[in-house]
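S.K.: I'm passing along protein-v6.json; it holds JSON, C-alpha atoms.
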```json
[["chain", "number", "residue", "atom", "x", "y", "z"],
["Y", 5, "MET", "CA", 74.45, -21.34, 95.42],
["Y", 6, "ILE", "CA", 72.22, -24.05, 93.98],
["Y", 7, "PRO", "CA", 74.13, -26.93, 92.35],
["Y", 8, "GLY", "CA", 73.95, -26.91, 88.47],
["Y", 9, "LYS", "CA", 73.02, -23.23, 88.27],
["Y", 10, "ARG", "CA", 75.54, -20.63, 87.20],
["Y", 11, "PRO", "CA", 75.68, -17.23, 88.78],
["Y", 12, "ALA", "CA", 74.15, -14.40, 86.72],
["Y", 13, "ALA", "CA", 77.58, -12.87, 86.03],
["Y", 14, "ALA", "CA", 78.83, -16.08, 84.35],
["Y", 15, "ARG", "CA", 75.83, -16.24, 81.96],
["Y", 16, "SER", "CA", 76.19, -12.72, 80.49],
["Y", 17, "GLY", "CA", 78.52, -11.92, 77.51],
["Y", 18, "PHE", "CA", 79.54, -13.92, 74.47],
["Y", 19, "SER", "CA", 81.00, -17.37, 74.33],
["Y", 20, "LEU", "CA", 84.25, -17.99, 72.48],
["Y", 21, "LEU", "CA", 82.32, -19.81, 69.73],
["Y", 22, "GLU", "CA", 80.03, -16.81, 69.17],
["Y", 23, "VAL", "CA", 83.06, -14.50, 68.89],
["Y", 24, "LEU", "CA", 84.76, -16.81, 66.36],
["Y", 25, "VAL", "CA", 81.62, -17.08, 64.19],
["Y", 26, "SER", "CA", 81.15, -13.29, 64.25],
["Y", 27, "SER", "CA", 84.81, -12.74, 63.32],
["Y", 28, "PHE", "CA", 84.50, -15.20, 60.43],
["Y", 29, "ILE", "CA", 81.40, -13.46, 59.05],
["Y", 30, "LEU", "CA", 83.03, -10.02, 59.37],
["Y", 31, "SER", "CA", 86.18, -11.22, 57.60],
["Y", 32, "ILE", "CA", 84.13, -12.54, 54.66],
["Y", 33, "LEU", "CA", 82.32, -9.20, 54.42],
["Y", 34, "ALA", "CA", 85.62, -7.28, 54.59],
["Y", 35, "VAL", "CA", 87.22, -9.38, 51.82],
["Y", 36, "SER", "CA", 84.14, -8.88, 49.62],
["Y", 37, "LEU", "CA", 84.20, -5.13, 50.23],
["Y", 38, "VAL", "CA", 87.93, -4.83, 49.42],
["Y", 39, "HIS", "CA", 87.48, -6.90, 46.25],
["Y", 40, "GLY", "CA", 84.57, -4.71, 45.15],
["Y", 41, "LEU", "CA", 86.51, -1.50, 45.77],
["Y", 42, "THR", "CA", 89.56, -2.82, 43.89],
["Y", 43, "THR", "CA", 87.41, -3.77, 40.90],
["Y", 44, "LEU", "CA", 85.72, -0.37, 40.98],
["Y", 45, "GLU", "CA", 89.09, 1.41, 41.06],
["Y", 46, "LEU", "CA", 90.41, -0.63, 38.10],
["Y", 47, "GLU", "CA", 87.26, 0.05, 36.05],
["Y", 48, "SER", "CA", 87.48, 3.74, 36.89],
["Y", 49, "ARG", "CA", 91.13, 3.88, 35.77],
["Y", 50, "LEU", "CA", 90.30, 2.07, 32.52],
["Y", 51, "ALA", "CA", 87.43, 4.49, 31.80],
["Y", 52, "LYS", "CA", 89.74, 7.45, 32.46],
["Y", 53, "ASP", "CA", 92.40, 5.98, 30.13],
["Y", 54, "ARG", "CA", 89.82, 5.44, 27.38],
["Y", 55, "MET", "CA", 88.52, 8.99, 27.72],
["Y", 56, "SER", "CA", 92.04, 10.44, 27.64],
["Y", 57, "SER", "CA", 92.87, 8.28, 24.62],
["Y", 58, "ALA", "CA", 89.75, 9.39, 22.75],
["Y", 59, "LEU", "CA", 90.75, 13.00, 23.42],
["Y", 60, "LEU", "CA", 94.31, 12.33, 22.19],
["Y", 61, "ALA", "CA", 92.95, 10.77, 18.99],
["Y", 62, "ALA", "CA", 90.56, 13.70, 18.44],
["Y", 63, "ASP", "CA", 93.39, 16.15, 19.11],
["Y", 64, "LEU", "CA", 95.56, 14.59, 16.40],
["Y", 65, "ARG", "CA", 92.57, 14.50, 14.02],
["Y", 66, "GLU", "CA", 92.00, 18.23, 14.54],
["Y", 67, "GLU", "CA", 95.70, 18.88, 13.97],
["Y", 68, "ILE", "CA", 95.61, 16.92, 10.70],
["Y", 69, "LEU", "CA", 92.43, 18.64, 9.54],
["Y", 70, "SER", "CA", 94.00, 22.05, 10.23],
["Y", 71, "LYS", "CA", 96.60, 21.31, 7.52],
["Y", 72, "ALA", "CA", 96.05, 21.80, 3.80],
["Y", 73, "SER", "CA", 94.66, 18.82, 1.91],
["Y", 74, "VAL", "CA", 96.89, 19.84, -1.03],
["Y", 75, "ASP", "CA", 100.65, 20.19, -0.58],
["Y", 76, "PRO", "CA", 101.41, 23.96, -0.64],
["Y", 77, "ASP", "CA", 104.75, 23.21, -2.33],
["Y", 78, "GLY", "CA", 103.01, 21.22, -5.06],
["Y", 79, "GLY", "CA", 104.94, 18.04, -4.28],
["Y", 80, "PRO", "CA", 103.24, 14.86, -5.47],
["Y", 81, "GLN", "CA", 104.90, 12.67, -2.84],
["Y", 82, "PHE", "CA", 102.62, 10.81, -0.44],
["Y", 83, "GLY", "CA", 103.82, 11.27, 3.13],
["Y", 84, "PRO", "CA", 106.32, 13.77, 4.49],
["Y", 85, "GLU", "CA", 108.62, 15.45, 2.00],
["Y", 86, "ALA", "CA", 112.33, 16.06, 2.57],
["Y", 87, "GLY", "CA", 112.82, 18.30, 5.60],
["Y", 88, "GLU", "CA", 109.49, 17.29, 7.16],
["Y", 89, "LYS", "CA", 110.62, 14.14, 8.91],
["Y", 90, "GLY", "CA", 111.29, 13.91, 12.63],
["Y", 91, "ARG", "CA", 109.44, 14.34, 15.91],
["Y", 92, "VAL", "CA", 108.40, 17.96, 15.32],
["Y", 93, "ARG", "CA", 105.02, 17.91, 13.58],
["Y", 94, "LEU", "CA", 105.07, 21.69, 13.26],
["Y", 95, "SER", "CA", 106.99, 21.28, 9.98],
["Y", 96, "LEU", "CA", 104.27, 19.12, 8.38],
["Y", 97, "ASP", "CA", 102.40, 21.32, 5.91],
["Y", 98, "ASP", "CA", 99.72, 19.03, 4.46],
["Y", 99, "GLN", "CA", 97.51, 16.17, 5.62],
["Y", 100, "ASP", "CA", 99.27, 13.30, 3.85],
["Y", 101, "ASP", "CA", 102.51, 14.19, 5.68],
["Y", 102, "TYR", "CA", 100.99, 12.38, 8.68],
["Y", 103, "ALA", "CA", 101.00, 9.02, 6.85],
["Y", 104, "GLY", "CA", 102.92, 6.50, 8.94],
["Y", 105, "LEU", "CA", 103.33, 8.88, 11.89],
["Y", 106, "VAL", "CA", 104.13, 7.14, 15.18],
["Y", 107, "ASP", "CA", 104.02, 9.49, 18.15],
["Y", 108, "ARG", "CA", 105.73, 7.44, 20.87],
["Y", 109, "PRO", "CA", 105.52, 8.68, 23.59],
["Y", 110, "VAL", "CA", 102.79, 11.24, 22.94],
["Y", 111, "THR", "CA", 104.11, 14.73, 22.16],
["Y", 112, "ASP", "CA", 102.67, 18.12, 21.37],
["Y", 113, "ILE", "CA", 103.01, 19.63, 17.89],
["Y", 114, "ARG", "CA", 106.49, 20.97, 18.76],
["Y", 115, "GLY", "CA", 107.77, 17.56, 19.87],
["Y", 116, "ASN", "CA", 107.59, 18.12, 23.64],
["Y", 117, "GLU", "CA", 106.57, 14.99, 25.55],
["Y", 118, "LEU", "CA", 103.26, 15.30, 27.38],
["Y", 119, "PRO", "CA", 103.60, 14.59, 31.13],
["Y", 120, "GLY", "CA", 102.09, 11.36, 32.41],
["Y", 121, "MET", "CA", 101.94, 9.80, 28.94],
["Y", 122, "GLU", "CA", 105.07, 7.64, 29.07],
["Y", 123, "ARG", "CA", 103.18, 4.43, 28.23],
["Y", 124, "ILE", "CA", 100.75, 6.04, 25.76],
["Y", 125, "TRP", "CA", 101.43, 6.39, 22.03],
["Y", 126, "ARG", "CA", 99.58, 7.23, 18.81],
["Y", 127, "ALA", "CA", 99.86, 6.00, 15.25],
["Y", 128, "CYS", "CA", 98.37, 7.51, 12.09],
["Y", 129, "ARG", "CA", 97.61, 5.62, 8.89],
["Y", 130, "ILE", "CA", 96.40, 7.21, 5.65],
["Y", 131, "GLU", "CA", 95.18, 5.08, 2.76],
["Y", 132, "ARG", "CA", 93.69, 5.90, -0.62],
["Y", 133, "VAL", "CA", 90.36, 4.10, -0.99],
["Y", 134, "SER", "CA", 87.74, 3.67, -3.67],
["Y", 135, "PRO", "CA", 84.72, 6.03, -3.45],
["Y", 136, "GLU", "CA", 82.51, 3.01, -4.20],
["Y", 137, "ASN", "CA", 83.94, 1.11, -1.23],
["Y", 138, "PRO", "CA", 85.45, 3.53, 1.33],
["Y", 139, "ASP", "CA", 85.57, 0.79, 4.00],
["Y", 140, "GLY", "CA", 87.41, -1.53, 1.63],
["Y", 141, "PRO", "CA", 91.11, -2.17, 1.20],
["Y", 142, "SER", "CA", 93.63, 0.49, 0.26],
["Y", 143, "ILE", "CA", 93.99, 0.85, -3.52],
["Y", 144, "ASP", "CA", 97.37, 2.63, -3.59],
["Y", 145, "THR", "CA", 99.30, 5.35, -1.79],
["Y", 146, "ALA", "CA", 98.91, 8.13, -4.34],
["Y", 147, "PRO", "CA", 98.20, 11.51, -2.74],
["Y", 148, "GLY", "CA", 95.02, 12.16, -4.77],
["Y", 149, "GLY", "CA", 91.48, 10.85, -4.46],
["Y", 150, "LEU", "CA", 89.51, 9.68, -1.48],
["Y", 151, "ARG", "CA", 91.60, 8.94, 1.59],
["Y", 152, "ARG", "CA", 90.83, 7.07, 4.79],
["Y", 153, "PHE", "CA", 92.57, 8.48, 7.87],
["Y", 154, "THR", "CA", 92.98, 6.31, 10.96],
["Y", 155, "VAL", "CA", 94.40, 7.46, 14.29],
["Y", 156, "THR", "CA", 94.91, 4.77, 16.91],
["Y", 157, "VAL", "CA", 95.97, 5.36, 20.52],
["Y", 158, "PHE", "CA", 97.72, 2.62, 22.49],
["Y", 159, "ARG", "CA", 98.88, 2.03, 26.05],
["Y", 160, "ASP", "CA", 101.88, -0.25, 25.81],
["Y", 161, "GLU", "CA", 100.59, -2.57, 23.05],
["Y", 162, "SER", "CA", 96.86, -2.47, 23.90],
["Y", 163, "GLU", "CA", 94.56, -0.35, 21.72],
["Y", 164, "LEU", "CA", 92.58, 2.17, 23.75],
["Y", 165, "ALA", "CA", 91.00, 4.38, 21.08],
["Y", 166, "HIS", "CA", 90.51, 4.26, 17.34],
["Y", 167, "LEU", "CA", 89.30, 7.13, 15.14],
["Y", 168, "THR", "CA", 88.65, 6.89, 11.39],
["Y", 169, "TRP", "CA", 87.39, 9.49, 8.90],
["Y", 170, "LEU", "CA", 87.43, 10.15, 5.16],
["Y", 171, "GLY", "CA", 89.03, 13.06, 3.31],
["Y", 172, "VAL", "CA", 89.92, 14.10, -0.22],
["Y", 173, "GLY", "CA", 93.53, 14.51, -1.28],
["Y", 174, "GLN", "CA", 95.18, 16.38, -4.11],
["Y", 175, "GLU", "CA", 95.19, 14.98, -7.61],
["Y", 176, "LYS", "CA", 98.38, 13.60, -9.12]]
```
Step by step, read the file and then write its structure as structure tokens.
M.R.:
Amino acid sequence: MIPGKRPAAARSGFSLLEVLVSSFILSILAVSLVHGLTTLELESRLAKDRMSSALLAADLREEILSKASVDPDGGPQFGPEAGEKGRVRLSLDDQDDYAGLVDRPVTDIRGNELPGMERIWRACRIERVSPENPDGPSIDTAPGGLRRFTVTVFRDESELAHLTWLGVGQEK
């Protein structure tokens, strides 16, 4: 063997420094990839929650619109009449009975809790508004005139969906 020259077998392969640098680069790439996937999963879950919440708001809107705009019993009271209070919305017979409704946790029309909705809840607000300014403040809570309906869906205390529409109520 010639002094100062290494045998061919000793020169092949990677040095410890090359292995450490490669490991460092791979670990940075792995952390970036995991962070990206975690962010993607969170965004996907938020989009799914927003879609579900929009559907829950639309479902309650359709339920309200299926009810009479005039109380079939002729009662002038705004909101649920005697015997219409409680978690069972099946007993509500006109649209203004939904005023002040808080559906926590979310239930079906018979009051049965919907599975997987433990942290989700809905609230309904009905206000009488001026025809000249329907986006303006509430003018009173009389059952007649132009009404603004608002259904809001929350997860815990964060608003996920908000649905507003106008309707006409019975006259006093």
S.K.: Just the residues within 9 Å of stretch 67-69 of chain Y, please, counting only C-alpha atoms, with nothing from its chain fewer than 2 positions along; format it as a ChimeraX atom specification.
M.R.: /Y:62-65,71-73,98-102,113
S.K.: Which residue gives the smallest distance to Y:Val110 among Y:Glu88, Y:Glu66, Y:Asp160, Y:Glu136, with only C-alpha atoms counted?
M.R.: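 Smallest distance to Y:Val110 is found for Y:Asp160.
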S.K.: Neighbouring residues of Y:Leu59 were defined as those with any atom within 12 Å, considering all atoms listed in the file; residues of the same chain fewer than 4 positions away were excluded. Please report them as JSON, numbers by chain.
M.R.: {"Y": [52, 53, 54, 55, 63, 64, 65, 66, 126, 155, 156, 157, 164, 165, 166, 167]}
S.K.: Could the residues in this selection be written to a file with C-alpha atoms, as a CSV table (one decimal), keeping the file's coordinate frame?
M.R.:
```csv
chain,number,residue,atom,x,y,z
Y,52,LYS,CA,89.7,7.4,32.5
Y,53,ASP,CA,92.4,6.0,30.1
Y,54,ARG,CA,89.8,5.4,27.4
Y,55,MET,CA,88.5,9.0,27.7
Y,63,ASP,CA,93.4,16.2,19.1
Y,64,LEU,CA,95.6,14.6,16.4
Y,65,ARG,CA,92.6,14.5,14.0
Y,66,GLU,CA,92.0,18.2,14.5
Y,126,ARG,CA,99.6,7.2,18.8
Y,155,VAL,CA,94.4,7.5,14.3
Y,156,THR,CA,94.9,4.8,16.9
Y,157,VAL,CA,96.0,5.4,20.5
Y,164,LEU,CA,92.6,2.2,23.8
Y,165,ALA,CA,91.0,4.4,21.1
Y,166,HIS,CA,90.5,4.3,17.3
Y,167,LEU,CA,89.3,7.1,15.1
```
S.K.: Please report the interatomic distance between atom CA of Y:Asp77 and atom CA of Y:Pro138 in Å with one decimal.
M.R.: 27.8 Å
S.K.: So, counting only C-alpha atoms, which residue among Y:Leu21, Y:Phe158, Y:Arg152, Y:Ala127 is closest to Y:Asp139?
M.R.: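 Looking only at the distances to Y:Asp139, the closest residue turns out to be Y:Arg152.
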S.K.: Report, in Å to a single decimal, how far apart atom CA of Y:Ala51 and atom CA of Y:Ile124 are.
M.R.: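 Going from atom CA of Y:Ile124 over to atom CA of Y:Ala51 covers 14.7 Å.
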S.K.: Around all listed atoms of stretch 97-113 of chain Y, padded 3 Å per side, what centre and edge lengths does the axis-aligned box have in Å to one decimal, as JSON?
M.R.:
```
{"center_x": 101.6, "center_y": 13.9, "center_z": 13.7, "size_x": 14.2, "size_y": 20.8, "size_z": 25.7}
```
